[in-house]
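Heads up, run.tsv below (TSV, C-alpha atoms):
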chain	number	residue	atom	x	y	z
A	403	MET	CA	105.16	177.79	86.96
A	404	LEU	CA	108.55	176.28	86.15
A	405	GLU	CA	108.70	173.77	83.33
A	406	PRO	CA	110.49	170.43	83.78
A	407	SER	CA	113.57	169.65	81.74
A	408	GLY	CA	113.04	168.50	78.19
A	409	ARG	CA	114.38	165.07	79.07
A	410	LEU	CA	111.92	164.61	81.90
A	411	ALA	CA	109.03	166.00	79.87
A	412	SER	CA	109.78	163.58	77.02
A	413	LEU	CA	110.09	160.59	79.34
A	414	PRO	CA	107.07	158.28	79.21
A	415	PRO	CA	105.56	157.32	82.58
A	416	TYR	CA	107.39	154.54	84.39
A	417	PRO	CA	105.28	151.45	83.56
A	418	PHE	CA	104.87	150.36	87.16
A	419	ALA	CA	103.93	153.88	88.26
A	420	SER	CA	101.04	153.71	85.78
A	421	LEU	CA	100.04	150.34	87.21
A	422	ARG	CA	100.02	151.75	90.72
A	423	GLU	CA	97.80	154.63	89.60
A	424	LYS	CA	95.36	152.23	87.93
A	425	ILE	CA	95.20	150.05	91.02
A	426	ASN	CA	94.70	153.05	93.32
A	427	THR	CA	91.89	154.42	91.13
A	428	LEU	CA	90.02	151.13	91.25
A	429	LYS	CA	90.53	150.77	94.98
A	430	ALA	CA	89.30	154.31	95.57
A	431	SER	CA	86.04	153.36	93.88
A	432	GLY	CA	85.60	150.45	96.29
A	433	VAL	CA	86.80	147.66	94.01
A	434	HIS	CA	88.88	144.79	95.41
A	435	VAL	CA	91.72	144.60	92.93
A	436	VAL	CA	93.97	141.56	92.69
A	437	SER	CA	97.30	142.76	91.35
A	438	PHE	CA	100.10	140.64	89.97
A	439	GLY	CA	101.79	143.64	88.40
A	440	ILE	CA	104.69	144.67	90.63
A	441	GLY	CA	107.59	142.51	91.84
A	442	ASP	CA	107.71	143.64	95.46
A	443	PRO	CA	108.04	140.57	97.74
A	444	ASP	CA	105.20	140.04	100.21
A	445	MET	CA	107.26	137.74	102.45
A	446	PRO	CA	109.16	139.14	105.44
A	447	THR	CA	112.87	139.83	105.42
A	448	PRO	CA	114.81	136.92	107.00
A	449	LEU	CA	114.84	137.27	110.77
A	450	CYS	CA	118.64	137.20	110.96
A	451	ALA	CA	118.79	140.47	108.99
A	452	VAL	CA	116.07	142.12	111.07
A	453	ASP	CA	117.72	141.09	114.33
A	454	GLU	CA	121.10	142.37	113.17
A	455	MET	CA	119.63	145.68	112.06
A	456	VAL	CA	117.98	146.16	115.47
A	457	ARG	CA	121.20	145.20	117.25
A	458	ALA	CA	123.28	147.63	115.21
A	459	ALA	CA	120.80	150.49	115.54
A	460	ASN	CA	120.73	150.02	119.33
A	461	ASP	CA	124.49	149.54	119.75
A	462	VAL	CA	125.47	152.47	121.97
A	463	THR	CA	129.10	151.36	121.78
A	464	ASP	CA	129.09	152.36	118.07
A	465	PRO	CA	129.02	156.17	118.04
A	466	ASP	CA	128.99	156.19	114.24
A	467	ARG	CA	125.90	154.03	113.79
A	468	PHE	CA	123.72	156.92	112.52
A	469	ARG	CA	126.31	158.71	110.43
A	470	TYR	CA	126.62	158.70	106.64
A	471	GLY	CA	126.94	155.15	105.39
A	472	ASP	CA	129.69	155.94	102.89
A	473	ASP	CA	131.73	157.97	105.37
A	474	MET	CA	131.60	155.20	107.98
A	475	PRO	CA	131.24	152.00	105.93
A	476	VAL	CA	130.78	148.55	107.44
A	477	THR	CA	133.78	146.54	106.29
A	478	ASP	CA	131.96	143.33	107.23
A	479	PHE	CA	129.62	143.93	104.30
A	480	ASP	CA	132.42	143.99	101.74
A	481	SER	CA	133.96	140.91	103.37
A	482	GLU	CA	130.69	139.00	103.13
A	483	VAL	CA	130.24	139.98	99.47
A	484	CYS	CA	133.74	138.63	98.86
A	485	ARG	CA	133.02	135.40	100.73
A	486	PHE	CA	129.69	134.98	98.95
A	487	TYR	CA	131.30	135.31	95.50
A	488	GLN	CA	133.94	132.77	96.45
A	489	SER	CA	131.43	130.35	97.94
A	490	TYR	CA	128.66	130.55	95.32
A	491	PHE	CA	130.43	131.47	92.10
A	492	GLY	CA	134.01	130.43	92.77
A	493	VAL	CA	135.09	134.01	91.97
A	494	THR	CA	137.83	135.74	93.96
A	495	LEU	CA	137.32	139.48	94.41
A	496	GLU	CA	139.91	142.00	95.54
A	497	ASP	CA	139.03	144.90	97.85
A	498	ASN	CA	138.96	147.37	94.95
A	499	GLN	CA	136.46	145.18	93.08
A	500	ILE	CA	133.57	145.72	95.52
A	501	LEU	CA	131.45	148.85	95.91
A	502	ARG	CA	128.38	149.10	98.14
A	503	THR	CA	125.26	150.42	96.41
A	504	SER	CA	121.74	151.37	97.42
A	505	GLY	CA	120.27	148.42	95.54
A	506	SER	CA	120.40	147.76	91.81
A	507	LYS	CA	118.09	150.41	90.34
A	508	GLU	CA	120.12	153.26	91.81
A	509	ALA	CA	123.36	151.63	90.65
A	510	ILE	CA	122.04	151.32	87.09
A	511	VAL	CA	121.15	155.01	86.95
A	512	GLN	CA	124.44	156.06	88.53
A	513	LEU	CA	126.48	153.93	86.13
A	514	ALA	CA	124.69	155.58	83.22
A	515	GLY	CA	125.46	158.98	84.71
A	516	ALA	CA	129.10	158.10	85.29
A	517	PHE	CA	129.78	156.92	81.73
A	518	LEU	CA	127.27	158.26	79.22
A	519	ASN	CA	127.50	161.66	77.56
A	520	PRO	CA	124.70	163.20	75.51
A	521	LEU	CA	124.32	161.32	72.20
A	522	ASP	CA	126.40	158.37	73.41
A	523	LEU	CA	124.88	154.97	72.68
A	524	GLY	CA	123.91	152.15	75.00
A	525	ILE	CA	122.63	148.69	74.06
A	526	VAL	CA	119.64	147.47	76.06
A	527	PRO	CA	117.78	144.15	75.93
A	528	ASP	CA	114.32	144.17	74.35
A	529	PRO	CA	112.20	143.06	76.14
A	530	GLY	CA	113.98	144.26	79.24
A	531	TYR	CA	113.86	146.08	82.54
A	532	PRO	CA	112.77	149.65	81.63
A	533	THR	CA	115.33	151.39	83.88
A	534	TYR	CA	118.23	150.71	81.48
A	535	GLU	CA	116.69	152.82	78.74
A	536	ILE	CA	115.21	155.36	81.15
A	537	ALA	CA	118.63	155.95	82.72
A	538	GLN	CA	120.22	156.47	79.31
A	539	HIS	CA	117.46	158.87	78.29
A	540	MET	CA	117.91	160.95	81.44
A	541	PHE	CA	121.54	161.56	80.53
A	542	GLY	CA	120.81	162.37	76.89
A	543	ALA	CA	122.19	159.11	75.49
A	544	ASN	CA	120.64	157.10	72.68
A	545	THR	CA	119.43	153.51	72.90
A	546	TYR	CA	119.86	150.54	70.60
A	547	HIS	CA	117.23	147.88	71.29
A	548	MET	CA	118.85	144.45	71.26
A	549	LYS	CA	116.21	141.83	70.49
A	550	LEU	CA	115.77	138.82	72.74
A	551	GLU	CA	114.11	136.02	70.82
A	552	PRO	CA	112.06	133.11	72.19
A	553	PRO	CA	112.35	130.42	73.33
A	554	TYR	CA	115.71	131.12	75.05
A	555	TRP	CA	115.50	134.93	75.17
A	556	LEU	CA	119.22	135.41	74.54
A	557	PRO	CA	120.52	138.11	72.17
A	558	ASP	CA	122.41	137.30	69.01
A	559	LEU	CA	125.37	139.60	69.62
A	560	GLY	CA	126.89	138.73	66.25
A	561	SER	CA	123.87	140.19	64.45
A	562	ILE	CA	124.36	143.70	65.85
A	563	GLU	CA	125.43	145.99	63.02
A	564	GLY	CA	129.01	147.17	62.91
A	565	VAL	CA	128.11	150.85	63.17
A	566	ILE	CA	126.22	150.16	66.41
A	567	CYS	CA	129.16	148.22	67.82
A	568	GLN	CA	131.53	151.09	67.00
A	569	LYS	CA	129.33	153.71	68.69
A	570	ALA	CA	128.13	151.73	71.70
A	571	LYS	CA	129.59	152.47	75.12
A	572	ILE	CA	127.58	150.16	77.41
A	573	LEU	CA	125.96	146.76	76.93
A	574	TRP	CA	123.29	145.96	79.55
A	575	LEU	CA	122.56	142.32	80.36
A	576	ASN	CA	120.21	140.77	82.92
A	577	TYR	CA	120.08	137.07	83.81
A	578	PRO	CA	118.03	135.53	85.25
A	579	ASN	CA	116.00	137.83	83.08
A	580	ASN	CA	113.21	140.21	83.94
A	581	PRO	CA	110.65	139.86	82.42
A	582	THR	CA	111.23	136.64	80.45
A	583	THR	CA	112.56	134.51	83.39
A	584	ALA	CA	115.31	133.19	81.06
A	585	VAL	CA	118.69	132.07	82.38
A	586	ALA	CA	122.08	132.31	80.67
A	587	GLY	CA	125.07	130.00	80.73
A	588	LEU	CA	128.80	130.64	80.85
A	589	ASP	CA	129.08	130.13	77.08
A	590	PHE	CA	126.87	133.16	76.51
A	591	PHE	CA	128.74	135.26	79.07
A	592	ALA	CA	132.04	134.30	77.44
A	593	GLU	CA	130.64	135.50	74.12
A	594	ALA	CA	129.52	138.77	75.74
A	595	VAL	CA	132.95	139.35	77.27
A	596	GLU	CA	134.65	138.73	73.94
A	597	PHE	CA	132.15	141.07	72.25
A	598	ALA	CA	132.92	143.81	74.79
A	599	LYS	CA	136.67	143.41	74.39
A	600	GLU	CA	136.44	143.48	70.61
A	601	HIS	CA	134.33	146.65	70.55
A	602	LYS	CA	135.84	148.35	73.60
A	603	LEU	CA	132.64	148.75	75.58
A	604	LEU	CA	131.50	148.15	79.15
A	605	VAL	CA	129.26	145.21	80.04
A	606	VAL	CA	126.94	145.78	82.98
A	607	HIS	CA	125.32	142.57	84.15
A	608	ASP	CA	122.29	143.16	86.36
A	609	ALA	CA	122.23	140.03	88.53
A	610	ALA	CA	119.30	141.09	90.71
A	611	TYR	CA	117.68	137.64	90.51
A	612	SER	CA	120.70	135.33	90.62
A	613	LEU	CA	119.63	133.62	93.85
A	614	VAL	CA	115.92	133.36	93.01
A	615	ASN	CA	116.40	129.79	91.86
A	616	LEU	CA	113.22	127.74	91.41
A	617	GLY	CA	114.81	124.70	89.76
A	618	ASN	CA	117.97	122.68	89.59
A	619	ILE	CA	119.99	125.50	88.05
A	620	ARG	CA	122.73	127.82	89.18
A	621	GLN	CA	122.82	131.08	87.30
A	622	PRO	CA	126.53	131.83	86.86
A	623	SER	CA	128.18	135.18	87.36
A	624	ILE	CA	129.66	136.88	84.31
A	625	LEU	CA	132.83	137.25	86.40
A	626	GLU	CA	133.35	133.49	86.21
A	627	VAL	CA	134.55	134.07	82.64
A	628	LEU	CA	138.33	134.43	82.49
A	629	GLY	CA	139.21	138.07	81.92
A	630	ALA	CA	135.65	139.33	82.45
A	631	SER	CA	136.71	141.89	85.04
A	632	GLU	CA	138.63	143.72	82.30
A	633	VAL	CA	135.35	144.83	80.73
A	634	ALA	CA	132.49	143.91	83.08
A	635	VAL	CA	130.72	145.04	86.22
A	636	GLU	CA	128.03	142.96	87.89
A	637	ILE	CA	125.28	144.42	90.08
A	638	ILE	CA	123.83	142.37	92.92
A	639	SER	CA	120.96	143.35	95.19
A	640	HIS	CA	119.42	142.14	98.42
A	641	SER	CA	115.99	143.28	97.22
A	642	LYS	CA	114.73	140.11	95.56
A	643	TRP	CA	117.29	137.70	97.02
A	644	PHE	CA	116.26	138.38	100.62
A	645	ASN	CA	112.90	140.23	100.46
A	646	MET	CA	114.65	143.54	101.21
A	647	THR	CA	113.29	145.86	98.51
A	648	GLY	CA	112.75	148.76	100.90
A	649	TRP	CA	116.12	148.39	102.62
A	650	ARG	CA	118.09	149.55	99.55
A	651	ILE	CA	121.34	147.67	99.74
A	652	GLY	CA	123.47	145.80	97.23
A	653	ALA	CA	126.84	145.97	95.52
A	654	ALA	CA	128.59	146.49	92.22
A	655	VAL	CA	131.55	144.20	91.64
A	656	GLY	CA	134.13	143.71	88.92
A	657	ASN	CA	136.31	146.17	87.03
A	658	PRO	CA	138.16	148.37	89.57
A	659	GLU	CA	138.47	151.40	87.29
A	660	VAL	CA	134.76	151.39	86.49
A	661	LEU	CA	133.95	151.09	90.19
A	662	SER	CA	136.23	154.01	91.00
A	663	TYR	CA	134.24	156.22	88.62
A	664	LEU	CA	130.97	154.91	90.01
A	665	LYS	CA	132.20	155.65	93.54
A	666	ARG	CA	133.08	159.19	92.48
A	667	TYR	CA	129.63	159.66	90.97
A	668	LYS	CA	127.94	158.22	94.07
A	669	GLY	CA	129.94	160.50	96.30
A	670	ASN	CA	128.31	163.46	94.59
A	671	THR	CA	124.76	162.09	94.50
A	672	ASP	CA	124.13	160.01	97.64
A	673	ASN	CA	125.55	159.32	101.08
A	674	GLY	CA	125.31	155.56	101.14
A	675	THR	CA	123.15	152.98	102.88
A	676	PRO	CA	122.89	153.46	106.69
A	677	ARG	CA	125.39	151.48	108.74
A	678	PHE	CA	122.77	149.43	110.57
A	679	ILE	CA	121.38	148.25	107.22
A	680	GLN	CA	124.90	147.42	106.02
A	681	PHE	CA	125.33	145.24	109.12
A	682	ALA	CA	122.03	143.52	108.35
A	683	GLY	CA	123.06	143.03	104.72
A	684	ALA	CA	126.31	141.43	105.79
A	685	ARG	CA	124.56	139.08	108.20
A	686	VAL	CA	122.01	137.78	105.70
A	687	LEU	CA	124.74	137.24	103.10
A	688	LYS	CA	126.53	135.08	105.65
A	689	GLU	CA	123.38	132.94	105.88
A	690	TYR	CA	122.36	133.22	102.23
A	691	ARG	CA	121.82	129.51	101.60
A	692	ARG	CA	119.20	129.06	104.31
A	693	ALA	CA	117.53	132.41	103.65
A	694	CYS	CA	117.20	131.85	99.90
A	695	GLU	CA	116.08	128.26	100.30
A	696	ASP	CA	113.03	129.30	102.30
A	697	ILE	CA	112.13	132.13	99.90
A	698	CYS	CA	112.56	130.06	96.75
A	699	PHE	CA	110.53	127.20	98.19
A	700	VAL	CA	107.51	129.51	98.52
A	701	TYR	CA	107.98	130.94	95.01
A	702	GLY	CA	108.28	127.42	93.64
A	703	GLN	CA	104.94	126.41	95.15
A	704	ARG	CA	103.28	129.54	93.79
A	705	ARG	CA	104.81	128.98	90.36
A	706	ASP	CA	103.46	125.45	90.21
A	707	LEU	CA	99.97	126.62	91.18
A	708	VAL	CA	99.93	129.43	88.61
A	709	VAL	CA	101.42	127.41	85.76
A	710	GLY	CA	99.14	124.45	86.47
A	711	THR	CA	96.04	126.66	86.53
A	712	LEU	CA	96.92	128.63	83.39
A	713	ASN	CA	97.77	125.45	81.50
A	714	SER	CA	94.39	124.00	82.48
A	715	LEU	CA	92.84	127.07	80.86
A	716	GLY	CA	94.57	126.47	77.54
A	717	TRP	CA	98.06	127.87	77.94
A	718	SER	CA	101.17	125.75	77.43
A	719	ILE	CA	103.72	127.29	79.79
A	720	GLU	CA	107.01	125.73	80.80
A	721	PRO	CA	107.61	126.33	84.53
A	722	PRO	CA	110.28	129.02	84.88
A	723	GLN	CA	113.51	128.00	86.60
A	724	ALA	CA	114.27	131.43	88.07
A	725	THR	CA	112.80	134.82	89.08
A	726	PRO	CA	109.49	135.40	90.89
A	727	TYR	CA	107.63	135.86	87.59
A	728	ILE	CA	105.57	134.04	85.00
A	729	TRP	CA	106.10	135.14	81.38
A	730	ALA	CA	103.45	133.88	79.03
A	731	PRO	CA	101.87	134.63	75.65
A	732	ILE	CA	98.52	136.37	75.51
A	733	PRO	CA	95.64	134.09	74.46
A	734	ASP	CA	94.07	134.03	71.02
A	735	GLY	CA	91.48	136.68	70.35
A	736	PHE	CA	93.52	139.63	71.58
A	737	SER	CA	95.61	141.74	69.21
A	738	THR	CA	97.96	143.27	71.79
A	739	SER	CA	99.22	142.55	75.27
A	740	ALA	CA	97.73	145.83	76.49
A	741	GLU	CA	94.32	144.82	75.14
A	742	PHE	CA	94.42	141.52	77.02
A	743	CYS	CA	95.56	143.14	80.27
A	744	GLU	CA	92.94	145.87	80.00
A	745	HIS	CA	90.31	143.17	79.44
A	746	LEU	CA	91.29	141.44	82.68
A	747	VAL	CA	91.29	144.71	84.62
A	748	GLU	CA	87.81	145.58	83.38
A	749	THR	CA	86.18	142.14	83.59
A	750	ALA	CA	88.01	140.50	86.48
A	751	HIS	CA	89.71	143.39	88.33
A	752	VAL	CA	93.00	141.52	87.96
A	753	VAL	CA	96.17	143.42	87.08
A	754	LEU	CA	98.92	141.85	84.96
A	755	THR	CA	101.80	143.70	83.30
A	756	PRO	CA	101.56	143.81	79.49
A	757	GLY	CA	104.72	142.63	77.79
A	758	SER	CA	104.85	145.86	75.78
A	759	ALA	CA	105.75	147.68	79.02
A	760	PHE	CA	109.17	146.04	78.66
A	761	GLY	CA	109.72	147.09	75.05
A	762	ALA	CA	108.47	146.22	71.59
A	763	GLY	CA	110.00	142.75	71.94
A	764	GLY	CA	107.58	141.99	74.76
A	765	GLU	CA	104.50	142.51	72.62
A	766	GLY	CA	102.26	139.45	72.63
A	767	TYR	CA	103.22	138.44	76.19
A	768	PHE	CA	102.33	139.34	79.75
A	769	ARG	CA	104.21	139.14	83.04
A	770	MET	CA	102.62	137.89	86.24
A	771	SER	CA	104.42	138.40	89.55
A	772	LEU	CA	104.47	135.74	92.26
A	773	THR	CA	105.22	138.28	94.99
A	774	TYR	CA	101.70	138.14	96.45
A	775	ASN	CA	100.23	135.99	99.18
A	776	ASP	CA	98.67	132.62	98.42
A	777	LEU	CA	95.08	133.74	99.04
A	778	GLU	CA	95.46	136.64	96.61
A	779	ILE	CA	97.01	134.36	93.99
A	780	GLU	CA	94.19	131.83	94.34
A	781	GLU	CA	91.56	134.58	94.14
A	782	GLY	CA	93.24	136.11	91.09
A	783	LEU	CA	93.50	132.77	89.30
A	784	ASP	CA	89.83	132.08	89.99
A	785	ARG	CA	88.90	135.46	88.51
A	786	ILE	CA	91.09	134.86	85.45
A	787	ALA	CA	89.48	131.44	84.94
A	788	ARG	CA	85.98	132.92	85.09
A	789	ALA	CA	86.91	135.75	82.73
A	790	MET	CA	88.48	133.37	80.19
A	791	LYS	CA	85.52	131.00	80.28
A	792	ALA	CA	83.11	133.91	79.83
A	793	GLY	CA	85.02	134.88	76.68
Show me, as structure tokens, the structure contained in the file I just sent.
Amino acid sequence: MLEPSGRLASLPPYPFASLREKINTLKASGVHVVSFGIGDPDMPTPLCAVDEMVRAANDVTDPDRFRYGDDMPVTDFDSEVCRFYQSYFGVTLEDNQILRTSGSKEAIVQLAGAFLNPLDLGIVPDPGYPTYEIAQHMFGANTYHMKLEPPYWLPDLGSIEGVICQKAKILWLNYPNNPTTAVAGLDFFAEAVEFAKEHKLLVVHDAAYSLVNLGNIRQPSILEVLGASEVAVEIISHSKWFNMTGWRIGAAVGNPEVLSYLKRYKGNTDNGTPRFIQFAGARVLKEYRRACEDICFVYGQRRDLVVGTLNSLGWSIEPPQATPYIWAPIPDGFSTSAEFCEHLVETAHVVLTPGSAFGAGGEGYFRMSLTYNDLEIEEGLDRIARAMKAG
């Protein structure tokens, strides 16, 4: 039997893969599990995108509709990305500042592969989306864990030691933030750009949740900072913006040289998103305001229900202004986030994600996803209430 590579063998299980296994085991034993663990939207993709995908797939006048997506790209998609950035962020993009991707997760891994050598160093947020560190590990690079501190969950870039700054090659940022739901302002992004210029490193801003706006906020783009495109690339994704997780489409925008290397890497590792999905992605971007308004309205209602219920049980949670998540401290009486989440699985058959799954900085917290239907959320909250009252 062949052995896996040392890097793969030393890689801990992907946190959400472990959650899926736990859920499947319980279900196999006949248990009705209520899971709030994974951020995969339950709502349908906006009809305009579905209709456009069907139209494009059935368009017999387009002989290239089933060919490789990168060989026969849909220029309308790039145009709509450009128009969206101008309309929403006030940012003007040139043609060489836009690169289609298969969503954000793939782009993160491919960027790591394009720029990190073994023993290089990348700076990742802690707590943070696990894929940043996983991608670095897979290419033999080392990770510096940049602490995010409550209540604002922004890093203190000035506190990073000089030796780390000298060695680092990539700084990963993510706002609105998964898992903490925090947002960042232009002042912070300006600081990050200056930090990157000073230390000659690349900033990758994962903007996967920029349009999941549940309050009166507008999460800015890092590219709104003057000169940001000299050092920064921003990743956008249709997955959470438009309930299109399985469609795998998005874009990387910003520094042209970085994108040229990413394009070269992609050309050797994938063949691009199918044309009919690119057409659908372009269409929904054209109608982004209406599409996002409907999605965010539902998440806002769910957020209010969850926060109101948890606060009635003794929590004191401020309603998040972005992302489809609730980030909250574990209650008294539990020493770790894993202990609390295991308790709920065993006593209530409710799955939450322990904060420790997002790094040491997430210890003492849990994440609850709002990407489940209202009946499931109500059932889960009722079970949590009974479990908490039972002690």
Enumerate, in order of chain and increasing residue number, the residues of region 681-710 of chain A with an atom no farther than 12 Å from region 631-644 of chain A, each with its shortest atom pair and distance in Å to one decimal, counting only C-alpha atoms, as a tab-separated table.
residue	atom	partner	partner_atom	distance
A:Ala682	CA	A:His640	CA	10.4
A:Gly683	CA	A:His640	CA	7.3
A:Ala684	CA	A:His640	CA	10.1
A:Arg685	CA	A:Phe644	CA	11.3
A:Val686	CA	A:Phe644	CA	7.7
A:Leu687	CA	A:His640	CA	8.6
A:Lys688	CA	A:Phe644	CA	11.9
A:Glu689	CA	A:Phe644	CA	10.4
A:Tyr690	CA	A:Phe644	CA	8.2
A:Arg691	CA	A:Trp643	CA	10.4
A:Arg692	CA	A:Phe644	CA	10.4
A:Ala693	CA	A:Phe644	CA	6.8
A:Cys694	CA	A:Trp643	CA	6.5
A:Glu695	CA	A:Trp643	CA	10.1
A:Asp696	CA	A:Phe644	CA	9.8
A:Ile697	CA	A:Phe644	CA	7.5
A:Cys698	CA	A:Trp643	CA	9.0
A:Tyr701	CA	A:Lys642	CA	11.4
Exercise for review: Excluding region 772-789 of chain A and residues on its chain fewer than 4 positions from it, collect all residues at most 10 Å away from it, counting all atoms listed in the file, and give them as an MDAnalysis selection string.
Suggested key: chainID A and resid 435:445 642 645 700:705 707:708 711:712 714:715 725:728 745:753 793
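Reported to one decimal place, the separation of CA of Ile562 (chain A) from CA of His547 (chain A) is 9.9 Å.
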Practice item. State, in Å with one decimal place, the distance from CA of Met540 (chain A) to CA of Tyr767 (chain A). Key: 27.4 Å
Practice item. Measuring atom to atom with all atoms listed in the file, identify which of A:Ala543, A:Leu428, A:Ala730, A:Leu501 is nearest to Pro581 (chain A). Key: A:Ala730
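Picture a line from CA of Leu410 (chain A) to CA of Thr503 (chain A); it runs 24.3 Å.
In terms of minimum interatomic distance to Leu664 (chain A), A:Glu508 ranks closest within A:Asp453, A:Glu741, A:Glu508, A:Glu482, counting all atoms listed in the file.
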Practice item. Find the residues around Ser739 (chain A) up to 9 Å (all atoms listed in the file counted), leave out those fewer than 5 positions away in its own chain, and share them as a PyMOL selection string. Key: chain A and resi 731-732+744+755-758+764-768
Practice item. Give the answer as one residue: which of A:Pro552, A:Phe517, A:Ala724, A:Ser662 has the shortest atom-to-atom distance to Arg620 (chain A), using all atoms listed in the file? Key: A:Ala724
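Nearest residue to Thr477 (chain A), choosing from A:Ile500, A:Met790, A:Cys567, A:Ile510 and counting only C-alpha atoms: A:Ile500.
If you measure from each of A:Pro448, A:Gly524, A:Pro557, A:Gly530 to Leu573 (chain A) using all atoms listed in the file, the closest one turns out to be A:Gly524.
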Practice item. Quick one: everything within 7 Å of Ile525 (chain A), counting only C-alpha atoms, minus sequence neighbours fewer than 5 positions away in the same chain. Send it as a VMD selection string. Key: chain A and resid 545 to 548 570 572 to 574
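Among the candidate residues A:Asn576, A:Asn713, A:Gln512, A:Ser561, the one lying nearest to Pro622 (chain A) is A:Asn576, with distances computed using only C-alpha atoms.
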